[in-house]
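Notes follow the structure.
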Amino acid sequence: MPNRALAFDLGGSSGRAVIGTIADGILQTQELHRFDNTPVTFLHRPYWDVLRLFHEIQTGLAAADAQGSCDTIGIDTWGVDYGLLDDSGLLLQNPAQYRDTRMQGLVAKWSDTLQDSYRISGIQPLEINTLYQLLADWETRPALMQVAQTLLMMPDLLGYFLTGKRYAERSIASTTQLLDCHTGNWSDAILAAAKLPIRDMLPDVIPSGTVVAPVLADAMPIPLSHMPDVVAVCGHDTQCAMAAVPTAQSDFIFLSCGTWALFGTELPKPIVTPQAEKYGLSNELGYGGRVSFLKNLTGLWLIQETRRWLNAHGNSYSYADLELLALQSPAFRSFIDVKDAAFVPAGNMPERICAACRATGQPIPESVGAQMRCIYESLALSFSRVLDEITQCTGKTYIQIHMLGGGVKDRLLCQMTADACGIPVVAGPIEATVYGNLVIQFLATRTLSTLEEAHNLIAHSVSPKVYQPQSDWTAAKQAYSKQFPTQ
């Protein structure tokens, strides 16, 4: 029997369990379980319902066992969020969600004190980062932090529930802004500058693809026929997606587009120059010691939250409806800065878009179609800007963009991205994160020998759609740059 790997891919709104095998040179997958991941708001703060997520993982494991079990499992999630354990190993509280507002103003407040953090961590300072969440926790909940004994990032926390092992997988640890991107270990210098007395709370960092331990019998409500090994795949979903780019090229541009949009390239070592810092480019650590040199932007969240808000107030728009309304609206009238923190929280996205345009002296997109056109064009133009910034920092030329994730299904976004960037967009696979999760498990069990072999496997398993540039966006790019000059 071929090795069977089970991938748990948890996103900001849903999760799934997918079984994968390799047969006849093709990666074959089957979704066994899909579930919602809905944050719970308590006293105006959003939390992740982590025990419900663990229950869904138990359900996925049982579903796999009913079909003949699996050899390994891997868990990937979003970055930056964490859980805290007490001295007996019990969870102190549900992990807070990165959309919480307790970190507001902390980047500016700590900018002078943490002025060396970029050079060390290689990570763009963002209020959602673990570093600023911890600073907020010590400021607002010191009693909680004083009794906490262990900090585990979300995929590592779920892995701990399964195995009883405490560890910090390197890719998810690199999203914290607490890791030294040059050594791959926790930075004592950043912890000291931030006055965070948490070094003993941080587990040992382990490489992506480490086989941790088998699932404990006590971790399951019902016995399994076989206890699979937990593999610490790239816990950060972006880095799983990177392992699934279907290309043999060493220099490529990727756009992992889901709720967040991660636009970047892979490098053998970090770039932490003043220019890279000025542009807000991050250096996240991926599989095999590779570095993802990228920028974190608000992605499909703008569309998702606009639709949610509209439909919660008496409408019934599908995504296809919104795409059509955008196409029917005049082009290049108003733009927004998609990385603006104003668009991060949940709430009235249409009003915030109108307010942003009003504040910048642009025509106010009052209709739904105009708002959607504004979102689509602003996303594409922001991608074009980041492409220029990465090209300047690396000195390399990129001939196409590999778009991965849910954004692949949005044909208008794919086409506008090709138009704005002026190079083809190769769209697919949609399930890049799952594919990467699975091939890292296969690499851990030596079913696959090298990451290049994994890339070739995925290239033979998918049929991406190519979007060629169809229109000239030069004038739009100039207008966008004038409206939002690089800081």
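Each chain of the structure tokens is named A, B, ... in the order shown, its residues numbered from 1; ligands are numbered from 1 in display order.
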Can you list, as a PyMOL selection string, every protein, DNA or RNA residue that comes within 6 Å of region 370-378 of chain A when you count only C-alpha atoms, leaving out same-chain residues fewer than 4 positions away? chain A and resi 326+329+334-336+365+382
Env of region 263-274 of chain A: 8 Å cut, atoms = only C-alpha atoms, seq-sep filter 2 positions within chain, self excluded. Answer as a PDB file with N, CA and C atoms, in the first residue's frame.
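Result went into selection-v5.pdb, see below:
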ATOM      1  N   TYR A 118      13.982  44.501  12.811  1.00  0.00           N
ATOM      2  CA  TYR A 118      13.922  44.061  11.411  1.00  0.00           C
ATOM      3  C   TYR A 118      15.240  43.438  10.983  1.00  0.00           C
ATOM      4  N   ARG A 119      16.336  44.062  11.349  1.00  0.00           N
ATOM      5  CA  ARG A 119      17.645  43.527  10.973  1.00  0.00           C
ATOM      6  C   ARG A 119      17.851  42.120  11.529  1.00  0.00           C
ATOM      7  N   GLY A 122      13.985  40.037  10.380  1.00  0.00           N
ATOM      8  CA  GLY A 122      13.631  40.103   8.965  1.00  0.00           C
ATOM      9  C   GLY A 122      12.152  40.243   8.725  1.00  0.00           C
ATOM     10  N   CYS A 181      16.195  35.507  11.934  1.00  0.00           N
ATOM     11  CA  CYS A 181      16.060  34.876  10.616  1.00  0.00           C
ATOM     12  C   CYS A 181      17.393  34.367  10.082  1.00  0.00           C
ATOM     13  N   HIS A 182      18.499  34.766  10.693  1.00  0.00           N
ATOM     14  CA  HIS A 182      19.822  34.327  10.246  1.00  0.00           C
ATOM     15  C   HIS A 182      20.217  33.001  10.896  1.00  0.00           C
ATOM     16  N   SER A 250      14.286  28.298 -10.297  1.00  0.00           N
ATOM     17  CA  SER A 250      14.802  28.672  -8.984  1.00  0.00           C
ATOM     18  C   SER A 250      14.363  30.083  -8.592  1.00  0.00           C
ATOM     19  N   ASP A 251      14.139  30.940  -9.592  1.00  0.00           N
ATOM     20  CA  ASP A 251      13.697  32.311  -9.349  1.00  0.00           C
ATOM     21  C   ASP A 251      12.259  32.471  -9.842  1.00  0.00           C
ATOM     22  N   PHE A 252      11.334  32.517  -8.915  1.00  0.00           N
ATOM     23  CA  PHE A 252       9.938  32.661  -9.301  1.00  0.00           C
ATOM     24  C   PHE A 252       9.233  33.581  -8.319  1.00  0.00           C
ATOM     25  N   ILE A 253       8.162  34.191  -8.793  1.00  0.00           N
ATOM     26  CA  ILE A 253       7.318  35.031  -7.958  1.00  0.00           C
ATOM     27  C   ILE A 253       6.042  34.254  -7.642  1.00  0.00           C
ATOM     28  N   PHE A 254       5.629  34.308  -6.376  1.00  0.00           N
ATOM     29  CA  PHE A 254       4.389  33.637  -5.989  1.00  0.00           C
ATOM     30  C   PHE A 254       3.422  34.649  -5.401  1.00  0.00           C
ATOM     31  N   LEU A 255       2.154  34.337  -5.521  1.00  0.00           N
ATOM     32  CA  LEU A 255       1.085  35.101  -4.880  1.00  0.00           C
ATOM     33  C   LEU A 255       0.154  34.096  -4.225  1.00  0.00           C
ATOM     34  N   SER A 256       0.332  33.909  -2.921  1.00  0.00           N
ATOM     35  CA  SER A 256      -0.537  33.010  -2.174  1.00  0.00           C
ATOM     36  C   SER A 256      -1.720  33.837  -1.702  1.00  0.00           C
ATOM     37  N   ALA A 261      -3.093  38.091   1.408  1.00  0.00           N
ATOM     38  CA  ALA A 261      -2.340  37.909   0.174  1.00  0.00           C
ATOM     39  C   ALA A 261      -0.854  38.032   0.504  1.00  0.00           C
ATOM     40  N   ALA A 276      14.810  47.046   1.795  1.00  0.00           N
ATOM     41  CA  ALA A 276      13.793  46.029   2.082  1.00  0.00           C
ATOM     42  C   ALA A 276      12.951  46.424   3.283  1.00  0.00           C
ATOM     43  N   GLU A 277      13.589  47.007   4.293  1.00  0.00           N
ATOM     44  CA  GLU A 277      12.845  47.462   5.465  1.00  0.00           C
ATOM     45  C   GLU A 277      11.904  48.599   5.106  1.00  0.00           C
ATOM     46  N   LYS A 278      12.373  49.529   4.284  1.00  0.00           N
ATOM     47  CA  LYS A 278      11.534  50.646   3.847  1.00  0.00           C
ATOM     48  C   LYS A 278      10.285  50.145   3.138  1.00  0.00           C
ATOM     49  N   ASN A 283      11.002  38.379   5.752  1.00  0.00           N
ATOM     50  CA  ASN A 283      11.773  37.171   5.453  1.00  0.00           C
ATOM     51  C   ASN A 283      11.258  36.040   6.338  1.00  0.00           C
ATOM     52  N   GLY A 289      15.222  25.252   4.885  1.00  0.00           N
ATOM     53  CA  GLY A 289      16.066  26.415   5.092  1.00  0.00           C
ATOM     54  C   GLY A 289      15.852  27.535   4.106  1.00  0.00           C
ATOM     55  N   ARG A 290      14.884  27.387   3.208  1.00  0.00           N
ATOM     56  CA  ARG A 290      14.607  28.456   2.254  1.00  0.00           C
ATOM     57  C   ARG A 290      13.965  29.645   2.958  1.00  0.00           C
ATOM     58  N   VAL A 291      14.099  30.827   2.326  1.00  0.00           N
ATOM     59  CA  VAL A 291      13.532  32.058   2.851  1.00  0.00           C
ATOM     60  C   VAL A 291      12.482  32.569   1.884  1.00  0.00           C
ATOM     61  N   SER A 292      11.296  32.855   2.385  1.00  0.00           N
ATOM     62  CA  SER A 292      10.267  33.505   1.577  1.00  0.00           C
ATOM     63  C   SER A 292      10.358  35.004   1.821  1.00  0.00           C
ATOM     64  N   PHE A 293      10.765  35.722   0.797  1.00  0.00           N
ATOM     65  CA  PHE A 293      10.930  37.182   0.845  1.00  0.00           C
ATOM     66  C   PHE A 293       9.640  37.769   0.301  1.00  0.00           C
ATOM     67  N   LEU A 294       8.816  38.338   1.171  1.00  0.00           N
ATOM     68  CA  LEU A 294       7.444  38.629   0.778  1.00  0.00           C
ATOM     69  C   LEU A 294       6.880  39.829   1.509  1.00  0.00           C
ATOM     70  N   LYS A 295       5.723  40.247   1.032  1.00  0.00           N
ATOM     71  CA  LYS A 295       4.951  41.268   1.749  1.00  0.00           C
ATOM     72  C   LYS A 295       3.581  40.701   2.066  1.00  0.00           C
ATOM     73  N   ASN A 296       3.122  41.019   3.265  1.00  0.00           N
ATOM     74  CA  ASN A 296       1.821  40.567   3.749  1.00  0.00           C
ATOM     75  C   ASN A 296       0.804  41.679   3.495  1.00  0.00           C
ATOM     76  N   LEU A 297      -0.207  41.372   2.680  1.00  0.00           N
ATOM     77  CA  LEU A 297      -1.242  42.341   2.330  1.00  0.00           C
ATOM     78  C   LEU A 297      -2.620  41.772   2.660  1.00  0.00           C
ATOM     79  N   PHE A 383      -0.314  44.526  -5.831  1.00  0.00           N
ATOM     80  CA  PHE A 383       0.550  43.423  -6.252  1.00  0.00           C
ATOM     81  C   PHE A 383       1.636  43.929  -7.204  1.00  0.00           C
ATOM     82  N   VAL A 386       4.374  45.680  -5.249  1.00  0.00           N
ATOM     83  CA  VAL A 386       5.252  44.755  -4.535  1.00  0.00           C
ATOM     84  C   VAL A 386       6.186  44.044  -5.507  1.00  0.00           C
ATOM     85  N   LEU A 387       5.700  43.700  -6.692  1.00  0.00           N
ATOM     86  CA  LEU A 387       6.565  43.104  -7.707  1.00  0.00           C
ATOM     87  C   LEU A 387       7.737  44.029  -8.012  1.00  0.00           C
ATOM     88  N   ILE A 390      10.180  44.027  -4.930  1.00  0.00           N
ATOM     89  CA  ILE A 390      10.982  42.811  -4.832  1.00  0.00           C
ATOM     90  C   ILE A 390      12.054  42.791  -5.913  1.00  0.00           C
ATOM     91  N   CYS A 393      14.902  44.946  -4.865  1.00  0.00           N
ATOM     92  CA  CYS A 393      15.692  44.401  -3.762  1.00  0.00           C
ATOM     93  C   CYS A 393      16.542  43.206  -4.174  1.00  0.00           C
TER      94      CYS A 393
END
Show me, as a ChimeraX atom specification, the residues that have an atom within 8 Å of region 146-160 of chain A when counting only C-alpha atoms, minus same-chain residues fewer than 2 positions from it. /A:54,75-87,89,92,142-144,162-169,172-173,200-203,230,232,235-236
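CA of Gly209 (chain A) to CA of Gly288 (chain A) spans 8.5 Å [interatomic distance, one decimal].
Computed from the coordinates, the CA of Leu412 (chain A) to CA of Glu323 (chain A) distance equals 6.9 Å.
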Can you list, as a VMD selection string, every protein, DNA or RNA residue that comes within 12 Å of Ala312 (chain A) when you count only C-alpha atoms, leaving out same-chain residues fewer than 6 positions away? chain A and resid 305 to 306 347 to 348
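The gap separating CA of Thr433 (chain A) from CA of Asp388 (chain A) is 25.7 Å, in Å to one decimal.
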Using DSSP on the backbone, list every residue of region 148-310 of chain A that comes out as helix (DSSP H, G or I), and give them as a ChimeraX atom specification. /A:154-163,170-173,188-193,199-201,217-219,237-242,274-279,287-289,301-310
Same residues, N, CA and C atoms, saved as a short mmCIF file (atom, residue, chain, number, x, y, z; two decimals), in the first residue's frame:
data_model
loop_
_atom_site.label_atom_id
_atom_site.label_comp_id
_atom_site.auth_asym_id
_atom_site.auth_seq_id
_atom_site.Cartn_x
_atom_site.Cartn_y
_atom_site.Cartn_z
N MET A 154 -0.28 28.25 16.98
CA MET A 154 -1.52 27.49 16.77
C MET A 154 -1.30 26.07 16.24
N PRO A 155 -0.53 25.83 15.17
CA PRO A 155 -0.37 24.44 14.72
C PRO A 155 0.38 23.59 15.73
N ASP A 156 1.33 24.21 16.45
CA ASP A 156 2.08 23.48 17.46
C ASP A 156 1.21 23.15 18.67
N LEU A 157 0.26 24.05 18.99
CA LEU A 157 -0.67 23.80 20.08
C LEU A 157 -1.55 22.59 19.76
N LEU A 158 -2.07 22.54 18.54
CA LEU A 158 -2.90 21.40 18.14
C LEU A 158 -2.06 20.12 18.09
N GLY A 159 -0.80 20.24 17.67
CA GLY A 159 0.08 19.08 17.69
C GLY A 159 0.36 18.61 19.11
N TYR A 160 0.46 19.54 20.04
CA TYR A 160 0.63 19.21 21.45
C TYR A 160 -0.58 18.45 21.99
N PHE A 161 -1.78 18.88 21.61
CA PHE A 161 -2.98 18.17 22.05
C PHE A 161 -2.96 16.72 21.59
N LEU A 162 -2.35 16.46 20.44
CA LEU A 162 -2.32 15.10 19.88
C LEU A 162 -1.19 14.25 20.45
N THR A 163 -0.05 14.88 20.74
CA THR A 163 1.14 14.09 21.09
C THR A 163 1.66 14.33 22.51
N ARG A 170 9.73 25.74 12.81
CA ARG A 170 10.47 26.95 12.43
C ARG A 170 9.67 27.92 11.57
N SER A 171 8.87 27.45 10.63
CA SER A 171 8.18 28.39 9.74
C SER A 171 7.14 29.21 10.50
N ILE A 172 6.39 28.57 11.39
CA ILE A 172 5.38 29.31 12.14
C ILE A 172 6.06 30.21 13.17
N ALA A 173 7.19 29.77 13.72
CA ALA A 173 7.92 30.60 14.66
C ALA A 173 8.45 31.87 13.99
N ASP A 188 17.36 36.45 21.64
CA ASP A 188 17.45 37.02 22.98
C ASP A 188 17.51 38.54 22.91
N ALA A 189 18.10 39.07 21.83
CA ALA A 189 18.23 40.53 21.70
C ALA A 189 16.86 41.19 21.57
N ILE A 190 15.96 40.62 20.77
CA ILE A 190 14.62 41.19 20.61
C ILE A 190 13.83 41.06 21.91
N LEU A 191 13.92 39.90 22.55
CA LEU A 191 13.22 39.71 23.82
C LEU A 191 13.69 40.72 24.87
N ALA A 192 15.00 40.98 24.89
CA ALA A 192 15.53 41.93 25.86
C ALA A 192 15.07 43.35 25.55
N ALA A 193 15.11 43.71 24.25
CA ALA A 193 14.69 45.07 23.88
C ALA A 193 13.22 45.29 24.19
N ARG A 199 11.58 33.98 27.77
CA ARG A 199 12.47 33.04 27.08
C ARG A 199 12.20 31.61 27.50
N ASP A 200 11.93 31.37 28.77
CA ASP A 200 11.69 30.00 29.25
C ASP A 200 10.34 29.46 28.77
N MET A 201 9.47 30.34 28.27
CA MET A 201 8.16 29.91 27.77
C MET A 201 8.24 29.39 26.33
N ALA A 217 -3.04 7.64 22.38
CA ALA A 217 -4.36 7.01 22.47
C ALA A 217 -5.33 7.91 23.24
N ASP A 218 -4.82 8.60 24.29
CA ASP A 218 -5.68 9.47 25.09
C ASP A 218 -6.15 10.70 24.33
N ALA A 219 -5.54 10.97 23.18
CA ALA A 219 -5.93 12.15 22.41
C ALA A 219 -7.18 11.91 21.57
N ASP A 237 0.73 28.27 6.89
CA ASP A 237 0.12 27.82 5.64
C ASP A 237 0.81 28.40 4.40
N THR A 238 1.32 29.62 4.50
CA THR A 238 2.02 30.21 3.35
C THR A 238 3.23 29.38 2.96
N GLN A 239 3.95 28.89 3.95
CA GLN A 239 5.15 28.11 3.64
C GLN A 239 4.80 26.72 3.13
N CYS A 240 3.68 26.17 3.56
CA CYS A 240 3.20 24.93 2.92
C CYS A 240 2.91 25.18 1.44
N ALA A 241 2.25 26.30 1.16
CA ALA A 241 1.94 26.64 -0.23
C ALA A 241 3.21 26.79 -1.05
N MET A 242 4.27 27.35 -0.44
CA MET A 242 5.53 27.51 -1.16
C MET A 242 6.12 26.18 -1.60
N PRO A 274 18.25 48.26 4.29
CA PRO A 274 17.36 49.39 4.55
C PRO A 274 16.27 49.53 3.50
N GLN A 275 16.58 49.20 2.25
CA GLN A 275 15.57 49.28 1.20
C GLN A 275 14.45 48.28 1.44
N ALA A 276 14.81 47.05 1.79
CA ALA A 276 13.79 46.03 2.08
C ALA A 276 12.95 46.42 3.28
N GLU A 277 13.59 47.01 4.29
CA GLU A 277 12.85 47.46 5.47
C GLU A 277 11.90 48.60 5.11
N LYS A 278 12.37 49.53 4.28
CA LYS A 278 11.53 50.65 3.85
C LYS A 278 10.28 50.15 3.14
N TYR A 279 10.44 49.11 2.32
CA TYR A 279 9.31 48.57 1.57
C TYR A 279 8.42 47.66 2.41
N TYR A 287 10.50 25.55 4.17
CA TYR A 287 11.02 24.19 4.20
C TYR A 287 12.46 24.17 3.67
N GLY A 288 13.29 23.35 4.30
CA GLY A 288 14.64 23.15 3.81
C GLY A 288 15.54 24.36 3.96
N GLY A 289 15.22 25.25 4.88
CA GLY A 289 16.07 26.41 5.09
C GLY A 289 15.85 27.53 4.11
N TRP A 301 -9.99 39.00 2.01
CA TRP A 301 -10.75 39.50 3.15
C TRP A 301 -11.60 40.71 2.77
N LEU A 302 -11.06 41.60 1.95
CA LEU A 302 -11.80 42.78 1.54
C LEU A 302 -13.08 42.41 0.81
N ILE A 303 -13.01 41.39 -0.03
CA ILE A 303 -14.18 40.93 -0.77
C ILE A 303 -15.10 40.13 0.15
N GLN A 304 -14.50 39.23 0.94
CA GLN A 304 -15.29 38.37 1.83
C GLN A 304 -16.09 39.19 2.85
N GLU A 305 -15.42 40.16 3.47
CA GLU A 305 -16.09 40.92 4.51
C GLU A 305 -17.11 41.89 3.93
N THR A 306 -16.85 42.42 2.72
CA THR A 306 -17.84 43.26 2.04
C THR A 306 -19.10 42.45 1.77
N ARG A 307 -18.92 41.25 1.24
CA ARG A 307 -20.08 40.39 0.94
C ARG A 307 -20.82 40.01 2.23
N ARG A 308 -20.07 39.66 3.28
CA ARG A 308 -20.71 39.27 4.54
C ARG A 308 -21.55 40.42 5.07
N TRP A 309 -20.99 41.64 5.05
CA TRP A 309 -21.70 42.78 5.58
C TRP A 309 -22.95 43.09 4.76
N LEU A 310 -22.81 43.06 3.45
CA LEU A 310 -23.95 43.35 2.59
C LEU A 310 -25.07 42.34 2.79
#
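When the distance limit is 12 Å and only C-alpha atoms are what count, the residues near Ala63 (chain A), minus those fewer than 2 positions from it on the same chain, are Leu6, Arg16, Ala17, Val18, Ile19, Gln30, Glu31, Leu32, His33, Arg34, Glu56, Ile57, Gln58, Thr59, Gly60, Leu61, Asp65, Ala66, Gln67, Gly68, Ser69, Cys70, Ile222, Leu224 and Ser225 of chain A.
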